[in-house]
Amino acid sequence: MTQKTIAATALSREIREHKRSVRETALETLKNIQTLDVSVGAFLTVLPEEELLAKADAIQKKIDDGTLTGPLAGVPVAVKDNICTKNLRTTCASKILETFVPPYSATAVEQLEAAGALIVGKTNMDEFAMGSTTETSAFLQTRNPWNLEHVPGGSSGGSCAAVAAKEVPLALGSDTGGSIRQPSAFCGVTGIKPTYGTVSRYGLIAYASSLDQIGPVAQNVSDCAALLEAIAGHDPKDATSLQRQDCQFSAACVQDVKGMKIGIPEAYLQEGLDEDIREAILKAADTFRALGAQVETFPLPLTEYAIPAYYLIASAEASSNLARFDGVKYGYRAPEGEGLHEMYKRSRSQGFGPEVKRRIMLGSFVLSAGYYDAYYLKALRTRALIRESYTKAFRTYDLLLAPAYPTTAPKLGVSLEDPLKMYLGDIHTVSVNLAGLPAISVPCGFDRQGLPIGMQLIGDAFAEKTLIRAAYTFEQAADVLAAAPAGKED
Amino acid sequence: MAETITLETIDYVSILAKLKLTPEETEQARGDMQKLLDYVEKLNELDTDGVEPMTHLFPYGNVFREDTVTNQEARTEMLANAPKTKDGQYLVPKTIE
Amino acid sequence: MRKQYETIIGLEVHVELATKTKIFCGCPTAFGGAPNTHTCPVCTGMPGALPVLNRQVVEFALAVGLAAHCGIHQYCRFDRKNYFYPDNPQNYQISQLYLPICHDGYVEIDTGSGPKKIRIHEIHMEEDAGKLIHDEWEDSSLVDYNRSGVPLLEIVSEPDMRSADEVVAYLEKLRKMIQYLGASDCKLQEGSMRADVNLSIREAGQTEFGTRTEMKNLNSFKAIRRAIENEQERQAELLEAGKPVIQETRRWDDNKEASRAMRSKEDAKDYRYFPDPDLPPVLIADEWIQKVKDRMPEFQEEKAARYVRDYQLSPYDAGLLTESRTIARIFEETAALSGKPKKAANWLTGETLRLLREKNMEPEALDFSPAHLAALIDLADSGTVNNQVAKKVFEKIFEDDVEPEAYVEAHGLKSVSDTGALEDAARKVLEANADAAEQYRQGKEKILGFLIGQLMRETKGQADPALAGEILKKLITLPPAE
């Protein structure tokens, strides 16, 4: 796992100062991936060397002639495989999209390219982002770089593992119910789930449209902020995209939490939480206190209703979003049998994996005649109440501090047996998506097995800058990763 | 008590969802769905009377595009991923009228 | 003895809106492109593509709704209607179920027994599907998404109609209203207006509704009439035989003049509607509604009444002129320019309609300039051209929008009113037709018509016929020259 890749902001400074070329950087990245990914398995698709170098040279030219001056110019980025990249295979880690080559790029990808980022490949994930371990991928087992016997988390497991293994300094993930924050915690990297509507969803293959957000994954807070700044902004192609004027996130990397009020929802420290994680969270609270913030626990109501509401809403939307995969326009079509409907059924049954089918079935059921009110509307009403309970909390607190997940990364192969148990793990993450709030996952320690622990800072809508400031201050003060236990060679 | 999920329910839902399940998968799906619905039953503890269902997170105001043609012809690109095409069209098994 | 039945009909009318682009993407709505040439990731349902609403669709929907006296849901939303079919690329149609833009309106129709209000339950916005054609060679179907995403209004009436006549009157009324608004061209044959007929029957005197069927694929008023007659008979026969009417969708076959049930066990009619999370609600402020109201055109009845009142036209002519908003516009402008509304009306109800029929054209396709028609009216009135010539010139205006004075000048079509020239020509005619002249002198006055005809020929039609007659008479009765 030895890898000398430096953080993105530092890397881009070296490139701009002509201490290294983009081509060199591209070649190093390819070499990293070749060496490391055999064991980590983060990538589903890597750009062929020739193409990558051509892109690198084009970027170099623009850097040299002064067109590109930003912090992402020449920096390699990996992109989760549910984000469309023009002419580059995009599969959602599903057999049904195994051969899909999008004719267009997601807006976030176009923004990355405009910033001069070097997109090197597509990362593994849970199929259609449904899962918490990246084990539902139809193609590949991604492993946790800290311990290859453990999962990287999910669904953005490939993106987080690639950054953790330092194959690339930056990656894009997507977060519907914790899919950036949880694997970031498992892999000891930093990831942000932005306020809903901050990053365009155009080109993000929808799982649950009202919950999905693309977000950055990086080795540290300032890289994360720089990447988020590049992809944030209003997009006329996404009607749910917001007009925000406050997207200068890098400028928020300031060491100052004095007077900040931080609340820890009591319920998040209760039953089911790993003892090591509780300790790490409480220690982080102490760190914040030492830095001048006020930290206290408080009762945040309704936390236990977030998971049922989330699974109803997400499955309902997914059942409709995934209807378009039918073997007609793209993707897998089963060898034909008897007629249209048979073709649909076979293509979908053979093309989707079990977890995806489970959610499509649940979603179709809860929307079906007679159940819409009892399940779907009930969930939407609960969602409104959960949003309200956060709104109330943010009248008192600037930020909330919480674990990102009740455990550290489980071993490979143990999570999928009991779907419900797997869903219950999302207790700390899903309510943030239901309420549309921003949250950041930052490393805050290691458990006794030497696996990373992540904490979550949750902000009110549009409070990314507060999140980033607090996370940055914490990161600089605690230097958690420097204290990585032996065994993780670096 | 939650809705009891029968095998017939699973058959019906699989028609809606266009999924073909083997008898074992049907039984598995029945069990899974029953478990999940029993679990989400929890929501009924919550009084949501008079709460407006939250269909959208933010008050966006109107979001429109203007009525001007912005797209160029791109048939080749649109058809490039189709499993079967003929004469610039998507070919599908016969639809019965 | 067969019982007396009453027929109850409600209509679902789909109208394709006359926007330049589709409802959720910037692809053109123009007809006639090669298959799939008007498509993009949005209207072919590519993964990751997202819809953004075309403002003009809301404008049109508001205009139609307000014209039909509807209430407006000032907070309205789009819902997804989920069903699998290849003409529907996302396998859901974006439509409106829970909060349609317009609700509870009416239009008034004329019936044999006076005016009648047909209530409108709702009007909602939705996207059209693509086109499926059957491929005989492959025993397959082919899909073209050029129409996928074309904006539609669905206008749902209450079950207020009782006969095919009322249905046709209602459709005519809607069509004219929507055409006047410029919201659609409403052509049944081309599918830009489509009507599904919901029909049930009940014994006369009953108040409960019977079971209804829904009839689709009705492409003309004739088909609608036939299908209604056929379906009320079919249902009556079922009831007479003691069999129930089944609630179902039926497809009309115009060739066979019969319908059959469209049914498949794969089509559970459970559409799992839910609010589309990709589209924020549409907010319609009072000011917007007022703006649309302020822009409302004068509709046919008001216009026709005004023509009768202000221009002293017959109600019949006023009706013909206002049949199409385009003809009405040309009429009003021509009347204003020429100051001769009756003449303008004559040209438009006469020659214009004749040429439209002859050339199988829609009035909307007329594009000649009212100034040219006005100029022609002046030319004819001043006797510069005679009626025959005027009709020829009009045809040129109709076809190529020529400037009449220049055209008449260039083609030497002015009436020959120069008496000297006409006398020379008349002498020639009389010399060549001495017999006829003689007959006239002997009192056979009818023969003058023949001689006038000859003189017209001699002058290539440019003689003023009245003047020609006078000159001929004068020359015939003159004593022979030396």
# chains A, B, ... in the order shown; residues from 1 in each chain; ligands from 1
>>> interface_residues(of="chain A", to="chain C", cutoff="6 Å", atoms="only C-alpha atoms", output="ChimeraX atom specification")
/A:202-206,209-210,239,323-324,367-368
>>> interface_residues(of="chain A", to="chain B", cutoff="7 Å", atoms="only C-alpha atoms", output="number ranges by chain")
A: 100-101, 103, 239, 305, 308, 327-331, 333, 339-340, 344-346, 348-349, 358, 360-362, 364-365, 377, 380-384, 420, 436
>>> residues_around(residues="A:Thr198", least_positions_apart="4", cutoff="7 Å", atoms="only C-alpha atoms", output="number ranges by chain")
A: 194, 232-233, 241-242
>>> residues_around(residues="stretch 421-431 of chain C", least_positions_apart="6", cutoff="10 Å", atoms="only C-alpha atoms", output="list of chain:residue names")
C:Ala437, C:Glu438, C:Leu451, C:Ile452, C:Gly453, C:Gln454, C:Leu455, C:Met456, C:Arg457, C:Glu458, C:Thr459, C:Ala463, C:Asp464, C:Leu467, C:Ala468, C:Gly469, C:Ile471, C:Leu472, C:Lys473, C:Lys474, C:Leu475, C:Ile476
>>> select_by_dssp(residues="stretch 219-338 of chain C", states="alpha helix (DSSP H)", output="ChimeraX atom specification")
/C:221-240,286-294,300-311,315-322,325-338
>>> write_last_selection(atoms="C-alpha atoms", output="PDB file, in the first residue's frame")
ATOM      1  CA  PHE C 221     -65.700  13.561 -36.280  1.00  0.00           C
ATOM      2  CA  LYS C 222     -67.209  10.883 -38.467  1.00  0.00           C
ATOM      3  CA  ALA C 223     -65.404   8.150 -36.558  1.00  0.00           C
ATOM      4  CA  ILE C 224     -66.524   9.682 -33.281  1.00  0.00           C
ATOM      5  CA  ARG C 225     -70.169   9.669 -34.374  1.00  0.00           C
ATOM      6  CA  ARG C 226     -69.999   6.110 -35.657  1.00  0.00           C
ATOM      7  CA  ALA C 227     -68.193   4.870 -32.579  1.00  0.00           C
ATOM      8  CA  ILE C 228     -70.736   6.464 -30.235  1.00  0.00           C
ATOM      9  CA  GLU C 229     -73.667   4.998 -32.161  1.00  0.00           C
ATOM     10  CA  ASN C 230     -71.974   1.640 -32.286  1.00  0.00           C
ATOM     11  CA  GLU C 231     -71.060   1.595 -28.611  1.00  0.00           C
ATOM     12  CA  GLN C 232     -74.465   2.665 -27.289  1.00  0.00           C
ATOM     13  CA  GLU C 233     -76.011  -0.071 -29.399  1.00  0.00           C
ATOM     14  CA  ARG C 234     -73.479  -2.649 -28.207  1.00  0.00           C
ATOM     15  CA  GLN C 235     -74.108  -1.791 -24.566  1.00  0.00           C
ATOM     16  CA  ALA C 236     -77.891  -1.807 -25.070  1.00  0.00           C
ATOM     17  CA  GLU C 237     -77.689  -5.247 -26.635  1.00  0.00           C
ATOM     18  CA  LEU C 238     -75.652  -6.517 -23.710  1.00  0.00           C
ATOM     19  CA  LEU C 239     -78.144  -5.166 -21.194  1.00  0.00           C
ATOM     20  CA  GLU C 240     -81.092  -6.496 -23.186  1.00  0.00           C
ATOM     21  CA  ASP C 286     -52.523  36.279  -9.461  1.00  0.00           C
ATOM     22  CA  GLU C 287     -50.547  38.649 -11.696  1.00  0.00           C
ATOM     23  CA  TRP C 288     -49.726  35.841 -14.090  1.00  0.00           C
ATOM     24  CA  ILE C 289     -53.371  34.855 -14.345  1.00  0.00           C
ATOM     25  CA  GLN C 290     -54.311  38.490 -14.936  1.00  0.00           C
ATOM     26  CA  LYS C 291     -51.710  38.823 -17.685  1.00  0.00           C
ATOM     27  CA  VAL C 292     -53.074  35.788 -19.472  1.00  0.00           C
ATOM     28  CA  LYS C 293     -56.622  37.127 -19.103  1.00  0.00           C
ATOM     29  CA  ASP C 294     -55.554  40.480 -20.513  1.00  0.00           C
ATOM     30  CA  GLN C 300     -65.687  33.458 -32.422  1.00  0.00           C
ATOM     31  CA  GLU C 301     -69.135  34.356 -31.077  1.00  0.00           C
ATOM     32  CA  GLU C 302     -68.130  37.817 -29.930  1.00  0.00           C
ATOM     33  CA  LYS C 303     -66.292  38.442 -33.138  1.00  0.00           C
ATOM     34  CA  ALA C 304     -69.143  37.281 -35.349  1.00  0.00           C
ATOM     35  CA  ALA C 305     -71.622  39.399 -33.395  1.00  0.00           C
ATOM     36  CA  ARG C 306     -69.378  42.397 -33.814  1.00  0.00           C
ATOM     37  CA  TYR C 307     -69.137  41.841 -37.578  1.00  0.00           C
ATOM     38  CA  VAL C 308     -72.914  41.766 -37.859  1.00  0.00           C
ATOM     39  CA  ARG C 309     -73.203  44.896 -35.733  1.00  0.00           C
ATOM     40  CA  ASP C 310     -70.309  46.964 -37.048  1.00  0.00           C
ATOM     41  CA  TYR C 311     -70.057  45.831 -40.633  1.00  0.00           C
ATOM     42  CA  PRO C 315     -74.828  36.289 -39.503  1.00  0.00           C
ATOM     43  CA  TYR C 316     -74.023  33.580 -42.022  1.00  0.00           C
ATOM     44  CA  ASP C 317     -71.105  35.496 -43.523  1.00  0.00           C
ATOM     45  CA  ALA C 318     -69.915  36.586 -40.097  1.00  0.00           C
ATOM     46  CA  GLY C 319     -69.905  32.932 -39.084  1.00  0.00           C
ATOM     47  CA  LEU C 320     -67.874  31.908 -42.122  1.00  0.00           C
ATOM     48  CA  LEU C 321     -65.345  34.690 -41.619  1.00  0.00           C
ATOM     49  CA  THR C 322     -64.793  33.835 -37.968  1.00  0.00           C
ATOM     50  CA  ARG C 325     -58.877  33.253 -36.712  1.00  0.00           C
ATOM     51  CA  THR C 326     -56.605  33.740 -39.706  1.00  0.00           C
ATOM     52  CA  ILE C 327     -59.451  34.564 -42.079  1.00  0.00           C
ATOM     53  CA  ALA C 328     -60.972  36.859 -39.483  1.00  0.00           C
ATOM     54  CA  ARG C 329     -57.705  38.703 -39.141  1.00  0.00           C
ATOM     55  CA  ILE C 330     -57.305  39.107 -42.916  1.00  0.00           C
ATOM     56  CA  PHE C 331     -60.893  40.276 -43.126  1.00  0.00           C
ATOM     57  CA  GLU C 332     -60.537  42.908 -40.450  1.00  0.00           C
ATOM     58  CA  GLU C 333     -57.335  44.289 -41.875  1.00  0.00           C
ATOM     59  CA  THR C 334     -58.650  44.323 -45.419  1.00  0.00           C
ATOM     60  CA  ALA C 335     -61.867  46.001 -44.325  1.00  0.00           C
ATOM     61  CA  ALA C 336     -59.917  48.674 -42.519  1.00  0.00           C
ATOM     62  CA  LEU C 337     -57.532  49.305 -45.410  1.00  0.00           C
ATOM     63  CA  SER C 338     -60.152  49.359 -48.137  1.00  0.00           C
TER      64      SER C 338
END
>>> interface_residues(of="chain C", to="chain B", cutoff="6 Å", atoms="only C-alpha atoms", output="list in words")
Thr21, Gly26, Cys27, Pro28, Asn36, Thr37, Leu53, Asn54, Arg55, Ser140, Ser141, Leu142, Val143, Asp144 and Val282 of chain C
>>> write_last_selection(atoms="N, CA, C and O atoms", output="mmCIF file, in the first residue's frame")
data_model
loop_
_atom_site.group_PDB
_atom_site.id
_atom_site.type_symbol
_atom_site.label_atom_id
_atom_site.label_comp_id
_atom_site.auth_asym_id
_atom_site.auth_seq_id
_atom_site.Cartn_x
_atom_site.Cartn_y
_atom_site.Cartn_z
ATOM 1 N N THR C 21 -40.716 23.861 -28.813
ATOM 2 C CA THR C 21 -39.913 22.761 -28.272
ATOM 3 C C THR C 21 -40.769 21.868 -27.383
ATOM 4 O O THR C 21 -41.892 22.214 -27.012
ATOM 5 N N GLY C 26 -35.096 20.780 -24.989
ATOM 6 C CA GLY C 26 -35.008 21.742 -26.082
ATOM 7 C C GLY C 26 -35.047 21.125 -27.470
ATOM 8 O O GLY C 26 -34.517 21.686 -28.420
ATOM 9 N N CYS C 27 -35.696 19.949 -27.624
ATOM 10 C CA CYS C 27 -35.850 19.348 -28.952
ATOM 11 C C CYS C 27 -37.047 19.975 -29.660
ATOM 12 O O CYS C 27 -38.050 20.278 -29.021
ATOM 13 N N PRO C 28 -36.955 20.122 -30.983
ATOM 14 C CA PRO C 28 -38.070 20.724 -31.719
ATOM 15 C C PRO C 28 -39.290 19.796 -31.762
ATOM 16 O O PRO C 28 -39.158 18.581 -31.744
ATOM 17 N N ASN C 36 -36.466 9.647 -34.931
ATOM 18 C CA ASN C 36 -35.482 9.869 -33.879
ATOM 19 C C ASN C 36 -34.469 10.983 -34.150
ATOM 20 O O ASN C 36 -33.430 11.045 -33.506
ATOM 21 N N THR C 37 -34.799 11.881 -35.077
ATOM 22 C CA THR C 37 -33.893 13.004 -35.309
ATOM 23 C C THR C 37 -34.212 14.180 -34.393
ATOM 24 O O THR C 37 -33.432 15.116 -34.301
ATOM 25 N N LEU C 53 -39.153 22.170 -17.163
ATOM 26 C CA LEU C 53 -40.444 22.530 -17.753
ATOM 27 C C LEU C 53 -40.350 23.744 -18.675
ATOM 28 O O LEU C 53 -39.758 24.761 -18.333
ATOM 29 N N ASN C 54 -40.986 23.622 -19.838
ATOM 30 C CA ASN C 54 -41.101 24.681 -20.831
ATOM 31 C C ASN C 54 -42.167 25.680 -20.363
ATOM 32 O O ASN C 54 -43.327 25.335 -20.195
ATOM 33 N N ARG C 55 -41.761 26.926 -20.155
ATOM 34 C CA ARG C 55 -42.681 27.940 -19.620
ATOM 35 C C ARG C 55 -43.928 28.100 -20.501
ATOM 36 O O ARG C 55 -45.047 28.279 -20.008
ATOM 37 N N SER C 140 -41.726 -7.400 -35.696
ATOM 38 C CA SER C 140 -41.325 -6.615 -34.537
ATOM 39 C C SER C 140 -41.974 -5.246 -34.635
ATOM 40 O O SER C 140 -42.663 -4.953 -35.597
ATOM 41 N N SER C 141 -41.718 -4.434 -33.636
ATOM 42 C CA SER C 141 -42.175 -3.052 -33.711
ATOM 43 C C SER C 141 -40.972 -2.127 -33.665
ATOM 44 O O SER C 141 -39.927 -2.471 -33.107
ATOM 45 N N LEU C 142 -41.124 -0.952 -34.265
ATOM 46 C CA LEU C 142 -40.053 0.030 -34.304
ATOM 47 C C LEU C 142 -40.506 1.281 -33.562
ATOM 48 O O LEU C 142 -41.654 1.686 -33.671
ATOM 49 N N VAL C 143 -39.576 1.868 -32.813
ATOM 50 C CA VAL C 143 -39.940 3.008 -31.980
ATOM 51 C C VAL C 143 -39.236 4.269 -32.463
ATOM 52 O O VAL C 143 -38.022 4.270 -32.684
ATOM 53 N N ASP C 144 -40.026 5.322 -32.595
ATOM 54 C CA ASP C 144 -39.535 6.645 -32.990
ATOM 55 C C ASP C 144 -39.933 7.620 -31.882
ATOM 56 O O ASP C 144 -41.108 7.789 -31.588
ATOM 57 N N VAL C 282 -45.242 24.181 -9.700
ATOM 58 C CA VAL C 282 -45.407 25.396 -10.492
ATOM 59 C C VAL C 282 -46.265 26.360 -9.681
ATOM 60 O O VAL C 282 -47.309 25.975 -9.157
#
>>> atom_distance(atom1="atom CA of A:Lys61", atom2="atom CA of A:Ile15")
11.8 Å
>>> residues_around(residues="A:Glu275", least_positions_apart="6", cutoff="10 Å", atoms="only C-alpha atoms", output="PDB file with N, CA and C atoms, in the first residue's frame")
ATOM      1  N   LEU A 269     -25.750   8.360  20.443  1.00  0.00           N
ATOM      2  CA  LEU A 269     -24.703   7.755  21.268  1.00  0.00           C
ATOM      3  C   LEU A 269     -25.216   6.527  22.005  1.00  0.00           C
ATOM      4  N   ILE A 281     -15.895   9.750  19.426  1.00  0.00           N
ATOM      5  CA  ILE A 281     -16.777  10.920  19.265  1.00  0.00           C
ATOM      6  C   ILE A 281     -16.645  11.843  20.476  1.00  0.00           C
ATOM      7  N   PRO A 406     -22.633   3.156  13.055  1.00  0.00           N
ATOM      8  CA  PRO A 406     -22.519   2.560  14.401  1.00  0.00           C
ATOM      9  C   PRO A 406     -21.302   1.667  14.580  1.00  0.00           C
ATOM     10  N   THR A 407     -20.705   1.218  13.479  1.00  0.00           N
ATOM     11  CA  THR A 407     -19.540   0.333  13.588  1.00  0.00           C
ATOM     12  C   THR A 407     -18.446   0.831  12.662  1.00  0.00           C
ATOM     13  N   ASP A 447     -10.283   2.258  15.680  1.00  0.00           N
ATOM     14  CA  ASP A 447     -10.772   1.308  16.682  1.00  0.00           C
ATOM     15  C   ASP A 447      -9.643   0.354  17.067  1.00  0.00           C
TER      16      ASP A 447
END
>>> select_by_dssp(residues="stretch 98-188 of chain C", states="strand (DSSP E)", output="number ranges by chain")
C: 102-111, 114-127, 131-135, 140-144, 151-157
>>> atom_distance(atom1="atom CA of C:Ile9", atom2="atom CA of C:Ile201")
8.6 Å
>>> closest_residue(among="A:Gly173, A:Gly454, A:Pro71, A:Pro236", to="A:Ala284", atoms="only C-alpha atoms")
A:Gly454
>>> residues_around(residues="C:Lys216", least_positions_apart="3", cutoff="12 Å", atoms="only C-alpha atoms", output="PyMOL selection string")
(chain B and resi 97) or (chain C and resi 11-14+194-199+213+219-220+223-224+227-228+231+248-254+258-262)
>>> write_last_selection(atoms="N, CA, C and O atoms", output="compact mmCIF listing (two decimals), in the first residue's frame")
# COMPACT_ATOMS: atom_id res chain seq x y z
N GLU B 97 -51.59 -4.82 -30.51
CA GLU B 97 -52.60 -3.77 -30.43
C GLU B 97 -53.96 -4.41 -30.25
O GLU B 97 -54.30 -5.33 -30.97
N LEU C 11 -65.75 13.11 -22.09
CA LEU C 11 -64.64 13.07 -23.04
C LEU C 11 -63.30 13.36 -22.37
O LEU C 11 -63.22 14.20 -21.47
N GLU C 12 -62.28 12.64 -22.82
CA GLU C 12 -60.92 13.01 -22.48
C GLU C 12 -60.27 13.46 -23.78
O GLU C 12 -60.08 12.65 -24.68
N VAL C 13 -60.01 14.74 -23.87
CA VAL C 13 -59.46 15.28 -25.11
C VAL C 13 -57.99 15.61 -24.90
O VAL C 13 -57.64 16.31 -23.95
N HIS C 14 -57.14 15.10 -25.79
CA HIS C 14 -55.72 15.44 -25.76
C HIS C 14 -55.43 16.42 -26.88
O HIS C 14 -55.82 16.20 -28.02
N ARG C 194 -57.00 14.71 -30.03
CA ARG C 194 -57.46 13.32 -29.94
C ARG C 194 -58.53 13.25 -28.86
O ARG C 194 -58.40 13.89 -27.83
N ALA C 195 -59.53 12.47 -29.13
CA ALA C 195 -60.61 12.37 -28.15
C ALA C 195 -60.85 10.92 -27.78
O ALA C 195 -60.98 10.06 -28.65
N ASP C 196 -60.84 10.65 -26.47
CA ASP C 196 -61.26 9.34 -25.99
C ASP C 196 -62.67 9.51 -25.41
O ASP C 196 -62.92 10.45 -24.66
N VAL C 197 -63.54 8.60 -25.80
CA VAL C 197 -64.95 8.73 -25.42
C VAL C 197 -65.28 7.76 -24.29
O VAL C 197 -65.15 6.55 -24.45
N ASN C 198 -65.69 8.30 -23.16
CA ASN C 198 -66.18 7.46 -22.07
C ASN C 198 -67.69 7.41 -22.16
O ASN C 198 -68.35 8.45 -22.09
N LEU C 199 -68.23 6.21 -22.33
CA LEU C 199 -69.67 6.12 -22.60
C LEU C 199 -70.30 5.05 -21.74
O LEU C 199 -69.76 3.95 -21.55
N THR C 213 -67.39 2.41 -20.71
CA THR C 213 -66.21 1.94 -21.45
C THR C 213 -65.48 3.18 -21.97
O THR C 213 -66.06 4.25 -22.07
N ASN C 219 -60.27 9.19 -35.05
CA ASN C 219 -59.45 10.16 -35.78
C ASN C 219 -60.23 11.17 -36.60
O ASN C 219 -59.65 11.92 -37.38
N SER C 220 -61.56 11.16 -36.48
CA SER C 220 -62.34 12.15 -37.22
C SER C 220 -63.69 12.29 -36.53
O SER C 220 -64.08 11.44 -35.73
N ALA C 223 -65.72 9.34 -37.37
CA ALA C 223 -65.40 8.15 -36.56
C ALA C 223 -66.01 8.28 -35.16
O ALA C 223 -66.53 7.30 -34.61
N ILE C 224 -65.97 9.47 -34.62
CA ILE C 224 -66.52 9.68 -33.28
C ILE C 224 -68.03 9.39 -33.27
O ILE C 224 -68.54 8.67 -32.42
N ALA C 227 -68.60 5.64 -33.75
CA ALA C 227 -68.19 4.87 -32.58
C ALA C 227 -69.21 5.04 -31.45
O ALA C 227 -69.53 4.08 -30.74
N ILE C 228 -69.74 6.23 -31.29
CA ILE C 228 -70.74 6.46 -30.23
C ILE C 228 -72.00 5.66 -30.53
O ILE C 228 -72.53 4.97 -29.66
N GLU C 231 -71.28 2.00 -29.99
CA GLU C 231 -71.06 1.60 -28.61
C GLU C 231 -72.36 1.65 -27.80
O GLU C 231 -72.62 0.78 -26.97
N GLU C 248 -63.89 -1.26 -19.48
CA GLU C 248 -62.68 -1.61 -20.24
C GLU C 248 -62.37 -0.51 -21.24
O GLU C 248 -63.18 0.38 -21.50
N THR C 249 -61.17 -0.61 -21.80
CA THR C 249 -60.78 0.30 -22.87
C THR C 249 -60.97 -0.43 -24.18
O THR C 249 -60.58 -1.59 -24.31
N ARG C 250 -61.61 0.22 -25.14
CA ARG C 250 -61.86 -0.40 -26.43
C ARG C 250 -61.23 0.44 -27.53
O ARG C 250 -61.09 1.65 -27.39
N ARG C 251 -60.84 -0.23 -28.58
CA ARG C 251 -60.19 0.47 -29.68
C ARG C 251 -61.10 0.44 -30.89
O ARG C 251 -61.59 -0.62 -31.30
N TRP C 252 -61.34 1.62 -31.47
CA TRP C 252 -62.23 1.73 -32.62
C TRP C 252 -61.46 1.40 -33.90
O TRP C 252 -60.35 1.88 -34.10
N ASP C 253 -62.04 0.55 -34.71
CA ASP C 253 -61.45 0.23 -36.00
C ASP C 253 -62.33 0.88 -37.07
O ASP C 253 -63.45 0.44 -37.31
N ASP C 254 -61.79 1.92 -37.69
CA ASP C 254 -62.59 2.72 -38.59
C ASP C 254 -62.97 1.94 -39.86
O ASP C 254 -64.03 2.16 -40.43
N ALA C 258 -66.16 -1.04 -36.12
CA ALA C 258 -66.45 -1.78 -34.89
C ALA C 258 -65.31 -1.56 -33.92
O ALA C 258 -64.22 -1.12 -34.31
N SER C 259 -65.57 -1.87 -32.66
CA SER C 259 -64.52 -1.71 -31.67
C SER C 259 -64.24 -3.05 -31.02
O SER C 259 -65.06 -3.96 -31.07
N ARG C 260 -63.04 -3.16 -30.44
CA ARG C 260 -62.80 -4.36 -29.65
C ARG C 260 -61.98 -3.99 -28.41
O ARG C 260 -61.29 -2.97 -28.37
N ALA C 261 -62.11 -4.84 -27.41
CA ALA C 261 -61.48 -4.55 -26.12
C ALA C 261 -59.96 -4.64 -26.27
O ALA C 261 -59.45 -5.52 -26.95
N MET C 262 -59.27 -3.69 -25.65
CA MET C 262 -57.81 -3.76 -25.59
C MET C 262 -57.50 -4.30 -24.22
O MET C 262 -57.67 -3.61 -23.23
>>> closest_residue(among="A:Ser179, A:Asn32, A:Thr429, A:Ser200", to="A:Val120", atoms="only C-alpha atoms")
A:Asn32
>>> residues_around(residues="A:Tyr472", least_positions_apart="2", cutoff="7 Å", atoms="only C-alpha atoms", output="PyMOL selection string")
chain A and resi 221+253-255+468-470+474-476
